[in-house]
$ cat protein19.tsv   # TSV, C-alpha atoms
chain	number	residue	atom	x	y	z
V	1	MET	CA	-8.53	15.05	-40.78
V	2	SER	CA	-9.22	18.75	-40.17
V	3	ILE	CA	-6.66	21.53	-39.95
V	4	SER	CA	-7.48	22.03	-36.26
V	5	GLN	CA	-6.82	18.33	-35.58
V	6	ASP	CA	-3.51	18.55	-37.44
V	7	LEU	CA	-2.55	21.53	-35.29
V	8	SER	CA	-3.52	19.79	-32.04
V	9	ILE	CA	-1.44	16.73	-32.95
V	10	SER	CA	1.49	18.96	-33.89
V	11	GLU	CA	1.19	20.87	-30.62
V	12	ALA	CA	1.09	17.63	-28.63
V	13	LYS	CA	4.25	16.39	-30.33
V	14	THR	CA	5.97	19.71	-29.67
V	15	VAL	CA	5.04	19.54	-25.97
V	16	SER	CA	6.25	15.93	-25.71
V	17	SER	CA	9.61	16.83	-27.24
V	18	ARG	CA	10.18	19.82	-24.95
V	19	TRP	CA	11.76	19.15	-21.54
V	20	THR	CA	9.74	20.72	-18.73
V	21	LYS	CA	9.87	21.28	-14.97
V	22	HIS	CA	7.35	18.45	-14.64
V	23	ASP	CA	9.82	16.10	-16.35
V	24	THR	CA	12.70	17.19	-14.14
V	25	SER	CA	10.61	16.63	-11.02
V	26	TRP	CA	9.77	13.09	-12.04
V	27	MET	CA	13.34	12.32	-13.07
V	28	LEU	CA	14.48	13.35	-9.58
V	29	SER	CA	11.70	11.27	-8.00
V	30	LEU	CA	12.77	8.16	-9.91
V	31	PHE	CA	16.42	8.84	-9.07
V	32	GLY	CA	15.61	9.35	-5.38
V	33	THR	CA	13.55	6.15	-5.17
V	34	SER	CA	16.42	4.15	-6.64
V	35	VAL	CA	19.22	5.62	-4.53
V	36	GLY	CA	18.33	4.11	-1.17
V	37	ALA	CA	20.52	2.88	1.65
V	38	GLY	CA	21.72	0.02	-0.57
V	39	ILE	CA	24.05	2.36	-2.45
V	40	LEU	CA	26.28	2.50	0.63
V	41	PHE	CA	26.89	-1.27	0.34
V	42	LEU	CA	27.05	-1.41	-3.47
V	43	PRO	CA	30.82	-0.69	-3.82
V	44	ILE	CA	31.60	-3.51	-1.39
V	45	ASN	CA	29.15	-6.00	-2.87
V	46	ILE	CA	30.27	-5.67	-6.49
V	47	GLY	CA	33.84	-4.45	-5.85
V	48	SER	CA	34.89	-7.42	-3.72
V	49	GLY	CA	34.51	-9.71	-6.76
V	50	GLY	CA	37.56	-8.16	-8.40
V	51	PHE	CA	38.22	-5.25	-10.76
V	52	TRP	CA	37.14	-6.99	-13.96
V	53	SER	CA	33.92	-8.17	-12.37
V	54	LEU	CA	33.23	-4.55	-11.40
V	55	VAL	CA	33.95	-3.30	-14.93
V	56	ILE	CA	31.68	-5.87	-16.57
V	57	MET	CA	28.81	-5.16	-14.16
V	58	ALA	CA	29.28	-1.42	-14.71
V	59	LEU	CA	28.89	-1.94	-18.47
V	60	LEU	CA	25.75	-4.04	-17.95
V	61	ALA	CA	24.17	-1.66	-15.42
V	62	GLY	CA	23.04	0.92	-17.99
V	63	PRO	CA	21.11	-1.42	-20.33
V	64	MET	CA	19.72	-3.37	-17.36
V	65	THR	CA	18.37	-0.23	-15.70
V	66	PHE	CA	16.89	1.51	-18.75
V	67	TRP	CA	15.51	-1.47	-20.68
V	68	ALA	CA	13.96	-3.11	-17.60
V	69	HIS	CA	12.12	0.00	-16.38
V	70	ARG	CA	11.12	0.91	-19.94
V	71	GLY	CA	9.60	-2.57	-20.28
V	72	LEU	CA	7.59	-2.16	-17.08
V	73	ALA	CA	6.41	1.30	-18.18
V	74	ARG	CA	5.32	-0.09	-21.56
V	75	PHE	CA	3.45	-2.88	-19.78
V	76	VAL	CA	1.47	-0.40	-17.64
V	77	LEU	CA	0.78	1.78	-20.69
V	78	SER	CA	-0.52	-1.23	-22.63
V	79	SER	CA	-3.81	-1.13	-20.71
V	80	THR	CA	-6.95	-0.04	-22.53
V	81	GLN	CA	-7.93	1.90	-19.39
V	82	LYS	CA	-6.50	5.42	-19.38
V	83	ASP	CA	-6.09	5.60	-15.59
V	84	ALA	CA	-5.10	1.96	-14.92
V	85	ASP	CA	-2.57	1.28	-12.16
V	86	PHE	CA	-0.39	-1.83	-11.89
V	87	THR	CA	-3.12	-3.96	-10.28
V	88	ASP	CA	-5.58	-3.05	-13.04
V	89	VAL	CA	-3.12	-3.91	-15.82
V	90	VAL	CA	-2.09	-7.34	-14.53
V	91	GLU	CA	-5.74	-8.31	-14.01
V	92	GLU	CA	-6.66	-7.07	-17.49
V	93	HIS	CA	-3.92	-9.09	-19.21
V	94	PHE	CA	-3.58	-12.18	-17.00
V	95	GLY	CA	-7.12	-12.60	-15.73
V	96	GLN	CA	-8.67	-11.99	-12.35
V	97	ARG	CA	-7.11	-14.97	-10.54
V	98	TYR	CA	-3.49	-14.57	-11.64
V	99	GLY	CA	-3.75	-10.80	-11.78
V	100	ARG	CA	-4.69	-10.56	-8.12
V	101	LEU	CA	-1.99	-13.05	-7.17
V	102	ILE	CA	0.67	-10.98	-8.97
V	103	SER	CA	-0.68	-7.80	-7.37
V	104	LEU	CA	-0.53	-9.38	-3.91
V	105	LEU	CA	3.06	-10.52	-4.47
V	106	TYR	CA	3.92	-7.05	-5.74
V	107	PHE	CA	2.57	-5.44	-2.56
V	108	LEU	CA	4.33	-8.01	-0.36
V	109	SER	CA	7.62	-7.31	-2.16
V	110	ILE	CA	7.43	-3.56	-1.44
V	111	PHE	CA	5.96	-3.56	2.07
V	112	PRO	CA	8.91	-5.29	3.87
V	113	ILE	CA	11.26	-2.74	2.33
V	114	LEU	CA	9.15	0.03	3.88
V	115	LEU	CA	9.60	-1.66	7.27
V	116	ILE	CA	13.35	-1.83	6.65
V	117	TYR	CA	13.50	1.87	5.79
V	118	GLY	CA	11.43	2.73	8.87
V	119	VAL	CA	13.97	0.95	11.05
V	120	GLY	CA	16.94	2.36	9.12
V	121	LEU	CA	15.66	5.94	9.32
V	122	THR	CA	15.12	5.68	13.07
V	123	ASN	CA	18.54	4.12	13.68
V	124	THR	CA	20.29	6.72	11.51
V	125	VAL	CA	18.72	9.72	13.28
V	126	ASP	CA	19.17	8.13	16.73
V	127	SER	CA	22.86	7.46	16.03
V	128	PHE	CA	23.37	11.03	14.74
V	129	ILE	CA	21.78	12.53	17.88
V	130	VAL	CA	23.91	10.38	20.19
V	131	HIS	CA	27.29	10.37	18.42
V	132	GLN	CA	27.42	13.58	16.38
V	133	LEU	CA	25.34	15.88	18.60
V	134	ASN	CA	26.50	14.20	21.85
V	135	MET	CA	22.97	14.24	23.25
V	136	ALA	CA	21.08	11.66	25.28
V	137	PRO	CA	19.22	9.10	23.15
V	138	PRO	CA	15.60	10.17	22.61
V	139	SER	CA	12.58	7.95	23.25
V	140	ARG	CA	12.59	5.45	20.37
V	141	ILE	CA	8.78	5.36	20.37
V	142	LEU	CA	8.48	9.14	19.96
V	143	LEU	CA	11.39	9.46	17.52
V	144	SER	CA	10.22	6.69	15.20
V	145	GLY	CA	6.61	7.86	15.38
V	146	CYS	CA	7.53	11.42	14.41
V	147	LEU	CA	9.81	10.30	11.57
V	148	VAL	CA	7.32	7.85	10.05
V	149	PHE	CA	4.44	10.32	10.44
V	150	GLY	CA	6.52	13.03	8.77
V	151	MET	CA	7.35	10.81	5.78
V	152	ILE	CA	3.72	9.75	5.30
V	153	ALA	CA	2.49	13.34	5.73
V	154	ILE	CA	4.60	14.35	2.71
V	155	MET	CA	2.81	11.71	0.61
V	156	LEU	CA	-0.61	12.80	1.85
V	157	ALA	CA	0.10	16.39	0.84
V	158	GLY	CA	-0.26	15.39	-2.80
V	159	GLU	CA	1.80	14.74	-5.95
V	160	LYS	CA	3.07	18.32	-6.31
V	161	THR	CA	4.33	18.44	-2.72
V	162	MET	CA	5.97	15.03	-3.08
V	163	LEU	CA	7.76	16.08	-6.28
V	164	ARG	CA	8.85	19.33	-4.62
V	165	VAL	CA	10.30	17.43	-1.64
V	166	PHE	CA	12.10	15.04	-3.97
V	167	GLY	CA	13.65	18.04	-5.71
V	168	MET	CA	14.79	19.47	-2.37
V	169	ILE	CA	16.46	16.28	-1.14
V	170	VAL	CA	17.77	14.67	-4.34
V	171	TYR	CA	19.93	17.61	-5.42
V	172	PRO	CA	21.91	17.53	-2.12
V	173	LEU	CA	22.15	13.74	-2.41
V	174	ALA	CA	23.62	13.90	-5.92
V	175	PHE	CA	25.92	16.77	-4.89
V	176	ILE	CA	27.23	14.91	-1.82
V	177	LEU	CA	27.75	11.68	-3.77
V	178	ALA	CA	29.78	13.57	-6.37
V	179	GLY	CA	31.63	15.48	-3.62
V	180	ILE	CA	32.72	12.31	-1.79
V	181	SER	CA	33.69	10.67	-5.08
V	182	ILE	CA	35.95	13.63	-5.94
V	183	TYR	CA	37.26	13.84	-2.36
V	184	LEU	CA	38.49	10.24	-2.59
V	185	ILE	CA	40.42	10.73	-5.87
V	186	PRO	CA	43.77	11.45	-4.11
V	187	SER	CA	43.39	8.07	-2.35
V	188	TRP	CA	42.98	6.13	-5.58
V	189	HIS	CA	45.46	3.35	-6.30
V	190	MET	CA	46.17	1.45	-9.48
V	191	PRO	CA	43.73	-1.48	-9.75
V	192	ASP	CA	44.91	-5.02	-10.26
V	193	PHE	CA	44.40	-5.67	-13.98
V	194	SER	CA	45.58	-9.28	-13.84
V	195	PHE	CA	43.18	-12.21	-13.92
V	196	HIS	CA	43.46	-14.19	-10.69
V	197	GLN	CA	40.10	-15.86	-11.16
V	198	SER	CA	39.27	-18.76	-13.42
V	199	ILE	CA	36.50	-18.32	-15.97
V	200	GLY	CA	34.24	-20.34	-13.70
V	201	ASP	CA	34.97	-18.18	-10.64
V	202	LEU	CA	34.51	-14.98	-12.65
V	203	SER	CA	31.20	-16.24	-14.04
V	204	ALA	CA	30.01	-17.17	-10.54
V	205	SER	CA	31.05	-13.76	-9.23
V	206	LEU	CA	29.16	-11.99	-12.04
V	207	TRP	CA	26.10	-14.19	-11.57
V	208	LEU	CA	25.84	-13.42	-7.85
V	209	ALA	CA	26.40	-9.70	-8.53
V	210	VAL	CA	23.42	-9.42	-10.92
V	211	PRO	CA	20.74	-9.11	-8.18
V	212	VAL	CA	22.87	-6.51	-6.37
V	213	VAL	CA	22.90	-4.32	-9.47
V	214	VAL	CA	19.20	-4.97	-10.14
V	215	PHE	CA	18.11	-3.68	-6.73
V	216	ALA	CA	20.68	-0.92	-6.40
V	217	PHE	CA	19.27	0.73	-9.54
V	218	SER	CA	15.60	-0.26	-9.14
V	219	TYR	CA	12.78	2.25	-8.83
V	220	THR	CA	10.08	-0.32	-9.62
V	221	PRO	CA	7.50	0.74	-6.96
V	222	VAL	CA	7.05	4.21	-8.44
V	223	VAL	CA	6.89	3.29	-12.16
V	224	SER	CA	3.11	2.76	-12.24
V	225	GLY	CA	2.41	6.12	-10.59
V	226	PHE	CA	4.98	7.78	-12.85
V	227	VAL	CA	3.36	6.39	-16.00
V	228	ASN	CA	-0.11	7.53	-14.96
V	229	ALA	CA	1.25	11.01	-14.24
V	230	GLN	CA	2.59	11.15	-17.81
V	231	ARG	CA	-0.80	9.98	-19.12
V	232	ARG	CA	-2.51	12.85	-17.33
V	233	GLN	CA	0.12	15.35	-18.48
V	234	TYR	CA	0.77	14.25	-22.08
V	235	GLY	CA	-2.13	12.01	-23.14
V	236	GLU	CA	-1.27	10.05	-26.30
V	237	GLN	CA	2.34	11.23	-26.14
V	238	ALA	CA	2.84	9.52	-22.73
V	239	HIS	CA	4.77	6.60	-24.29
V	240	LYS	CA	7.37	8.82	-25.89
V	241	LYS	CA	7.68	11.17	-22.91
V	242	SER	CA	7.96	8.32	-20.39
V	243	GLU	CA	10.78	6.76	-22.39
V	244	THR	CA	12.66	10.07	-22.55
V	245	ILE	CA	12.39	10.62	-18.79
V	246	LEU	CA	13.42	7.01	-18.07
V	247	LYS	CA	16.43	7.37	-20.36
V	248	ARG	CA	17.65	10.54	-18.64
V	249	THR	CA	17.04	9.02	-15.21
V	250	SER	CA	19.14	6.00	-16.17
V	251	VAL	CA	21.97	8.24	-17.38
V	252	MET	CA	21.85	10.25	-14.14
V	253	LEU	CA	21.86	7.09	-12.02
V	254	ILE	CA	24.71	5.45	-13.91
V	255	ALA	CA	26.82	8.62	-13.88
V	256	PHE	CA	26.51	9.48	-10.17
V	257	VAL	CA	26.30	5.98	-8.69
V	258	LEU	CA	29.05	4.35	-10.75
V	259	PHE	CA	31.40	7.30	-10.17
V	260	PHE	CA	30.77	6.82	-6.44
V	261	VAL	CA	31.28	3.05	-6.69
V	262	PHE	CA	34.54	3.27	-8.67
V	263	SER	CA	35.90	6.03	-6.44
V	264	CYS	CA	35.25	3.97	-3.30
V	265	VAL	CA	36.63	0.75	-4.80
V	266	LEU	CA	39.80	2.44	-6.10
V	267	SER	CA	40.36	3.92	-2.62
V	268	LEU	CA	40.41	0.48	-0.97
V	269	THR	CA	42.46	-2.65	-1.55
V	270	PRO	CA	40.79	-5.97	-2.43
V	271	ALA	CA	41.63	-7.21	1.09
V	272	GLN	CA	39.92	-4.17	2.63
V	273	LEU	CA	36.84	-4.68	0.47
V	274	GLN	CA	36.63	-8.29	1.59
V	275	GLN	CA	37.04	-7.23	5.23
V	276	ALA	CA	34.28	-4.64	4.88
V	277	LYS	CA	32.04	-7.36	3.41
V	278	VAL	CA	32.80	-9.66	6.34
V	279	ASP	CA	32.15	-6.83	8.83
V	280	ASN	CA	28.84	-6.08	7.05
V	281	VAL	CA	29.36	-2.30	7.30
V	282	SER	CA	28.65	0.39	4.71
V	283	VAL	CA	31.50	1.64	2.55
V	284	LEU	CA	31.42	5.10	4.19
V	285	SER	CA	31.64	3.57	7.66
V	286	TYR	CA	34.65	1.52	6.59
V	287	LEU	CA	36.31	4.48	4.85
V	288	ALA	CA	35.77	6.66	7.92
V	289	ASN	CA	37.55	4.06	10.06
V	290	VAL	CA	40.38	3.49	7.59
V	291	GLU	CA	41.09	7.12	6.71
V	292	ASP	CA	39.99	8.63	10.04
V	293	SER	CA	38.20	11.31	8.05
V	294	PRO	CA	35.88	13.74	9.90
V	295	PHE	CA	34.55	14.79	6.47
V	296	ILE	CA	33.24	11.30	5.72
V	297	MET	CA	32.11	10.72	9.31
V	298	ILE	CA	29.88	13.82	9.08
V	299	LEU	CA	28.55	13.21	5.58
V	300	GLY	CA	27.95	9.47	6.12
V	301	PRO	CA	24.86	9.87	8.34
V	302	LEU	CA	23.59	12.73	6.14
V	303	ILE	CA	23.78	10.59	2.98
V	304	ALA	CA	22.08	7.69	4.78
V	305	PHE	CA	19.26	9.96	6.01
V	306	ILE	CA	18.63	11.57	2.60
V	307	ALA	CA	18.90	8.27	0.71
V	308	ILE	CA	16.53	6.42	3.05
V	309	THR	CA	14.05	9.32	3.06
V	310	SER	CA	13.88	9.61	-0.73
V	311	SER	CA	13.61	5.87	-1.23
V	312	PHE	CA	10.96	5.58	1.51
V	313	LEU	CA	8.74	8.09	-0.31
V	314	GLY	CA	8.94	6.21	-3.60
V	315	HIS	CA	8.28	2.81	-2.00
V	316	PHE	CA	5.37	4.15	0.04
V	317	MET	CA	3.81	5.46	-3.16
V	318	GLY	CA	4.00	2.00	-4.72
V	319	ALA	CA	2.73	0.21	-1.60
V	320	ARG	CA	-0.19	2.62	-1.23
V	321	GLU	CA	-1.24	2.25	-4.86
V	322	SER	CA	-1.05	-1.56	-4.85
V	323	PHE	CA	-2.89	-1.85	-1.49
V	324	ASN	CA	-5.72	0.37	-2.74
V	325	GLY	CA	-6.02	-1.59	-5.98
V	326	LEU	CA	-6.04	-4.96	-4.22
V	327	VAL	CA	-8.64	-4.07	-1.59
V	328	ALA	CA	-10.86	-2.21	-4.08
V	329	LYS	CA	-11.16	-5.41	-6.13
V	330	GLN	CA	-12.07	-7.51	-3.08
V	331	THR	CA	-14.56	-5.18	-1.40
V	332	SER	CA	-17.23	-2.61	-2.24
V	333	LEU	CA	-15.70	0.05	0.00
V	334	PRO	CA	-15.16	3.55	-1.48
V	335	LEU	CA	-11.61	4.19	-2.66
V	336	LYS	CA	-11.15	7.08	-0.19
V	337	THR	CA	-12.06	4.79	2.71
V	338	ILE	CA	-9.68	2.09	1.48
V	339	ASP	CA	-6.90	4.67	1.14
V	340	LYS	CA	-7.40	5.88	4.74
V	341	ILE	CA	-7.43	2.32	6.09
V	342	GLY	CA	-4.25	1.47	4.16
V	343	ILE	CA	-2.40	4.56	5.37
V	344	VAL	CA	-3.32	3.87	9.01
V	345	LEU	CA	-2.34	0.18	8.77
V	346	MET	CA	0.98	0.96	7.08
V	347	PHE	CA	1.77	3.74	9.55
V	348	ILE	CA	1.15	1.42	12.53
V	349	SER	CA	3.14	-1.44	10.95
V	350	ILE	CA	6.15	0.71	10.03
V	351	TRP	CA	6.09	2.45	13.42
V	352	PHE	CA	5.90	-0.90	15.24
V	353	ALA	CA	8.84	-2.29	13.23
V	354	ALA	CA	10.89	0.86	13.89
V	355	VAL	CA	10.26	0.60	17.64
V	356	MET	CA	10.97	-3.14	17.84
V	357	ASN	CA	14.11	-2.89	15.64
V	358	PRO	CA	13.89	-6.57	14.54
V	359	SER	CA	16.88	-8.60	13.44
V	360	ILE	CA	15.05	-10.40	10.59
V	361	LEU	CA	15.21	-7.47	8.17
V	362	GLY	CA	17.87	-9.08	5.99
V	363	MET	CA	15.70	-12.14	5.47
V	364	MET	CA	12.66	-9.98	4.68
V	365	GLU	CA	14.66	-8.06	2.09
V	366	ALA	CA	15.89	-11.33	0.58
V	367	LEU	CA	12.32	-12.60	0.28
V	368	SER	CA	11.26	-9.36	-1.45
V	369	GLY	CA	14.09	-9.72	-3.94
V	370	PRO	CA	12.87	-12.54	-6.18
V	371	VAL	CA	9.43	-10.95	-6.60
V	372	ILE	CA	10.87	-7.56	-7.57
V	373	ALA	CA	13.18	-9.25	-10.09
V	374	MET	CA	10.28	-11.19	-11.59
V	375	ILE	CA	8.01	-8.12	-11.81
V	376	LEU	CA	10.68	-5.77	-13.18
V	377	PHE	CA	12.56	-8.14	-15.50
V	378	LEU	CA	10.56	-11.26	-16.29
V	379	MET	CA	6.85	-10.35	-16.32
V	380	PRO	CA	7.02	-7.33	-18.73
V	381	MET	CA	9.17	-9.31	-21.17
V	382	LEU	CA	6.92	-12.38	-21.03
V	383	ALA	CA	3.95	-10.03	-21.53
V	384	VAL	CA	5.48	-9.01	-24.87
V	385	TYR	CA	4.66	-12.53	-26.12
V	386	HIS	CA	1.25	-12.58	-24.44
V	387	ILE	CA	-0.21	-9.15	-25.20
V	388	GLU	CA	-1.08	-8.23	-28.77
V	389	SER	CA	-0.40	-4.51	-28.34
V	390	LEU	CA	3.20	-5.28	-27.28
V	391	LYS	CA	4.01	-7.66	-30.15
V	392	ILE	CA	6.14	-5.01	-31.89
V	393	TYR	CA	8.80	-5.63	-29.22
V	394	ARG	CA	9.06	-9.37	-29.92
V	395	GLY	CA	12.44	-10.52	-31.12
V	396	LYS	CA	14.22	-7.37	-29.94
V	397	ILE	CA	17.70	-7.72	-28.42
V	398	SER	CA	16.57	-5.72	-25.39
V	399	THR	CA	13.73	-8.20	-24.72
V	400	TYR	CA	16.06	-11.22	-24.75
V	401	PHE	CA	18.69	-9.38	-22.72
V	402	ILE	CA	16.27	-8.43	-19.92
V	403	LEU	CA	14.78	-11.95	-19.89
V	404	LEU	CA	18.28	-13.39	-19.45
V	405	MET	CA	19.21	-10.91	-16.70
V	406	GLY	CA	15.91	-11.60	-14.93
V	407	CYS	CA	16.52	-15.35	-14.93
V	408	LEU	CA	20.07	-14.81	-13.64
V	409	ALA	CA	18.86	-12.44	-10.91
V	410	VAL	CA	16.11	-14.75	-9.65
V	411	GLY	CA	18.43	-17.76	-9.84
V	412	ALA	CA	21.18	-16.01	-7.89
V	413	ILE	CA	18.77	-14.84	-5.18
V	414	VAL	CA	17.28	-18.31	-4.76
V	415	PHE	CA	20.80	-19.81	-4.68
V	416	ASN	CA	21.82	-17.38	-1.90
V	417	LEU	CA	18.70	-18.27	0.10
V	418	VAL	CA	19.14	-22.04	-0.05
V	419	LYS	CA	22.92	-22.41	0.11
$ encode --input "protein19.tsv" --output "structure tokens"
Amino acid sequence: MSISQDLSISEAKTVSSRWTKHDTSWMLSLFGTSVGAGILFLPINIGSGGFWSLVIMALLAGPMTFWAHRGLARFVLSSTQKDADFTDVVEEHFGQRYGRLISLLYFLSIFPILLIYGVGLTNTVDSFIVHQLNMAPPSRILLSGCLVFGMIAIMLAGEKTMLRVFGMIVYPLAFILAGISIYLIPSWHMPDFSFHQSIGDLSASLWLAVPVVVFAFSYTPVVSGFVNAQRRQYGEQAHKKSETILKRTSVMLIAFVLFFVFSCVLSLTPAQLQQAKVDNVSVLSYLANVEDSPFIMILGPLIAFIAITSSFLGHFMGARESFNGLVAKQTSLPLKTIDKIGIVLMFISIWFAAVMNPSILGMMEALSGPVIAMILFLMPMLAVYHIESLKIYRGKISTYFILLMGCLAVGAIVFNLVK
């Protein structure tokens, strides 16, 4: 090897070890995709199972988040193609038939969530205009059309614009989450440390809480695009750099979200948490009613708007990429034409859903759940035993742990659907 080659390798390693603005932008994008509207229901969903259930799930959340997304990133990076997206990788490793089936399921798991966010964004802004601004409700057709068009326009402006927008909205989101968490500290009460549940009841409570934690901390749709961005930026050092960014994203998520969750749970009694779960309202809505706090009533809609917006952008990125990959493999159309068709179809679908405001969104989200759990937790870990380039991860504790959590998550979701 020549001296110049040694220097280039050394320079590449130096660049990969240095934290850059590019890395910060992607960390914020991953964080923003994960922190969607579901965070507002997370304290109720995992807090109503009791204090010890909350503590155990909080301890599991970190490894679940980092190891699962790292596994998916490694799976995408295992392709021999340097610019392969998710659809390319699954077809390369599992064959054309199963690869396209997995890609289709992947798209169908993301797309309903986009519809949900389109409806949620419209409802949030409409409610703010009517109740906070005391104005007449706007035309739902015009409002939803403008909001959906605005979100998609950000994505069409390119990767740099998208990352810039993420930076602009995620900082306020993290600041507000921390602010509300600190604001609630005077309302904290001593938790009940006693065990009122049997081992069986505690195990059942933990089992049913696994999918809640999986999806509250998931940024699956944007991982493929994230990995390819690191390939373009860092080349052979993409593996190392991706892992570093994923690790810092996981730390940021765990720190801000769990502080928010514990602060909310410690501000409410177990009976209040159960009542909020029965009422099916977000934790901020319930806190605003209980404490009669103008502070929370004002920030509640703002958090919902920012969280839905950031998560919408990340999910749209994943849906767009998977749609393009699927159609490109079925037709001979140019990629640019496919991209335009996909954007128009998704815009019309999301706009239509936002106007109609359907009541089946919960079911659609539940149907998306098992597929996301399988793609994020099960498939990358099973690929470790199927793909030669990933064999170095066989027998690792993290592999078995994520396989177990994936099985529990899918099982709990299916149980909730059929019970």
$ atom_distance --input "protein19.tsv" --atom1 "CA of Leu54 in chain V" --atom2 "CA of Ile39 in chain V"
14.6 Å
$ closest_residue --input "protein19.tsv" --among "V:Val265, V:Leu302, V:Leu208, V:Ala328" --to "Asp88 in chain V" --atoms "all atoms listed in the file"
V:Ala328
$ atom_distance --input "protein19.tsv" --atom1 "CA of Ala373 in chain V" --atom2 "CA of Pro211 in chain V"
7.8 Å
$ closest_residue --input "protein19.tsv" --among "V:Arg231, V:Ile296, V:His239, V:Leu60" --to "Gln81 in chain V" --atoms "only C-alpha atoms"
V:Arg231
$ closest_residue --input "protein19.tsv" --among "V:His131, V:His22, V:His386, V:Lys391" --to "Leu163 in chain V" --atoms "all atoms listed in the file"
V:His22
$ atom_distance --input "protein19.tsv" --atom1 "CA of Gly99 in chain V" --atom2 "CA of Thr87 in chain V"
7.0 Å
$ closest_residue --input "protein19.tsv" --among "V:Leu184, V:Ile308, V:Val210, V:Leu28" --to "Ser53 in chain V" --atoms "all atoms listed in the file"
V:Val210
$ residues_around --input "protein19.tsv" --residues "range 135-151 of chain V" --least-positions-apart "4" --cutoff "10 Å" --atoms "all atoms listed in the file" --output "number ranges by chain"
V: 117-119, 121-123, 125-131, 155-156, 162, 309-310, 312-313, 316, 346-348, 350-357
$ write_last_selection --input "protein19.tsv" --atoms "C-alpha atoms" --output "short mmCIF file (atom, residue, chain, number, x, y, z; two decimals), keeping the file's coordinate frame"
data_model
loop_
_atom_site.label_atom_id
_atom_site.label_comp_id
_atom_site.auth_asym_id
_atom_site.auth_seq_id
_atom_site.Cartn_x
_atom_site.Cartn_y
_atom_site.Cartn_z
CA TYR V 117 13.50 1.87 5.79
CA GLY V 118 11.43 2.73 8.87
CA VAL V 119 13.97 0.95 11.05
CA LEU V 121 15.66 5.94 9.32
CA THR V 122 15.12 5.68 13.07
CA ASN V 123 18.54 4.12 13.68
CA VAL V 125 18.72 9.72 13.28
CA ASP V 126 19.17 8.13 16.73
CA SER V 127 22.86 7.46 16.03
CA PHE V 128 23.37 11.03 14.74
CA ILE V 129 21.78 12.53 17.88
CA VAL V 130 23.91 10.38 20.19
CA HIS V 131 27.29 10.37 18.42
CA MET V 155 2.81 11.71 0.61
CA LEU V 156 -0.61 12.80 1.85
CA MET V 162 5.97 15.03 -3.08
CA THR V 309 14.05 9.32 3.06
CA SER V 310 13.88 9.61 -0.73
CA PHE V 312 10.96 5.58 1.51
CA LEU V 313 8.74 8.09 -0.31
CA PHE V 316 5.37 4.15 0.04
CA MET V 346 0.98 0.96 7.08
CA PHE V 347 1.77 3.74 9.55
CA ILE V 348 1.15 1.42 12.53
CA ILE V 350 6.15 0.71 10.03
CA TRP V 351 6.09 2.45 13.42
CA PHE V 352 5.90 -0.90 15.24
CA ALA V 353 8.84 -2.29 13.23
CA ALA V 354 10.89 0.86 13.89
CA VAL V 355 10.26 0.60 17.64
CA MET V 356 10.97 -3.14 17.84
CA ASN V 357 14.11 -2.89 15.64
#
$ closest_residue --input "protein19.tsv" --among "V:Ala216, V:Ile182, V:Ile402, V:Ile152" --to "Leu345 in chain V" --atoms "all atoms listed in the file"
V:Ile152
$ closest_residue --input "protein19.tsv" --among "V:Val213, V:Ala153, V:Ile180, V:Ile102" --to "Ile56 in chain V" --atoms "all atoms listed in the file"
V:Val213
$ residues_around --input "protein19.tsv" --residues "Asp85 in chain V" --least-positions-apart "4" --cutoff "12 Å" --atoms "all atoms listed in the file" --output "number ranges by chain"
V: 72-73, 75-81, 89-92, 103, 221-229, 231, 317-326
$ residues_near_point --input "protein19.tsv" --point "(27.7, 10.5, 7.2)" --cutoff "10 Å" --atoms "all atoms listed in the file" --output "PDB file with C-alpha atoms, in the coordinates of the input"
ATOM      1  CA  THR V 124      20.290   6.720  11.510  1.00  0.00           C
ATOM      2  CA  PHE V 128      23.370  11.030  14.740  1.00  0.00           C
ATOM      3  CA  GLN V 132      27.420  13.580  16.380  1.00  0.00           C
ATOM      4  CA  LEU V 284      31.420   5.100   4.190  1.00  0.00           C
ATOM      5  CA  SER V 285      31.640   3.570   7.660  1.00  0.00           C
ATOM      6  CA  ALA V 288      35.770   6.660   7.920  1.00  0.00           C
ATOM      7  CA  PRO V 294      35.880  13.740   9.900  1.00  0.00           C
ATOM      8  CA  PHE V 295      34.550  14.790   6.470  1.00  0.00           C
ATOM      9  CA  ILE V 296      33.240  11.300   5.720  1.00  0.00           C
ATOM     10  CA  MET V 297      32.110  10.720   9.310  1.00  0.00           C
ATOM     11  CA  ILE V 298      29.880  13.820   9.080  1.00  0.00           C
ATOM     12  CA  LEU V 299      28.550  13.210   5.580  1.00  0.00           C
ATOM     13  CA  GLY V 300      27.950   9.470   6.120  1.00  0.00           C
ATOM     14  CA  PRO V 301      24.860   9.870   8.340  1.00  0.00           C
ATOM     15  CA  LEU V 302      23.590  12.730   6.140  1.00  0.00           C
ATOM     16  CA  ILE V 303      23.780  10.590   2.980  1.00  0.00           C
ATOM     17  CA  ALA V 304      22.080   7.690   4.780  1.00  0.00           C
ATOM     18  CA  PHE V 305      19.260   9.960   6.010  1.00  0.00           C
TER      19      PHE V 305
END
$ axis_aligned_box --input "protein19.tsv" --around "range 340-357 of chain V" --padding-each-side "4 Å" --output "lines of an AutoDock Vina configuration file"
center_x = 3.3
center_y = 1.4
center_z = 11.0
size_x = 29.5
size_y = 17.0
size_z = 21.7
$ residues_near_point --input "protein19.tsv" --point "(37.2, -2.5, -1.7)" --cutoff "12 Å" --atoms "all atoms listed in the file" --output "count of residues only"
41
$ residues_around --input "protein19.tsv" --residues "Pro63 in chain V" --least-positions-apart "4" --cutoff "9 Å" --atoms "only C-alpha atoms" --output "ChimeraX atom specification"
/V:59,67-68,250,398,401-402
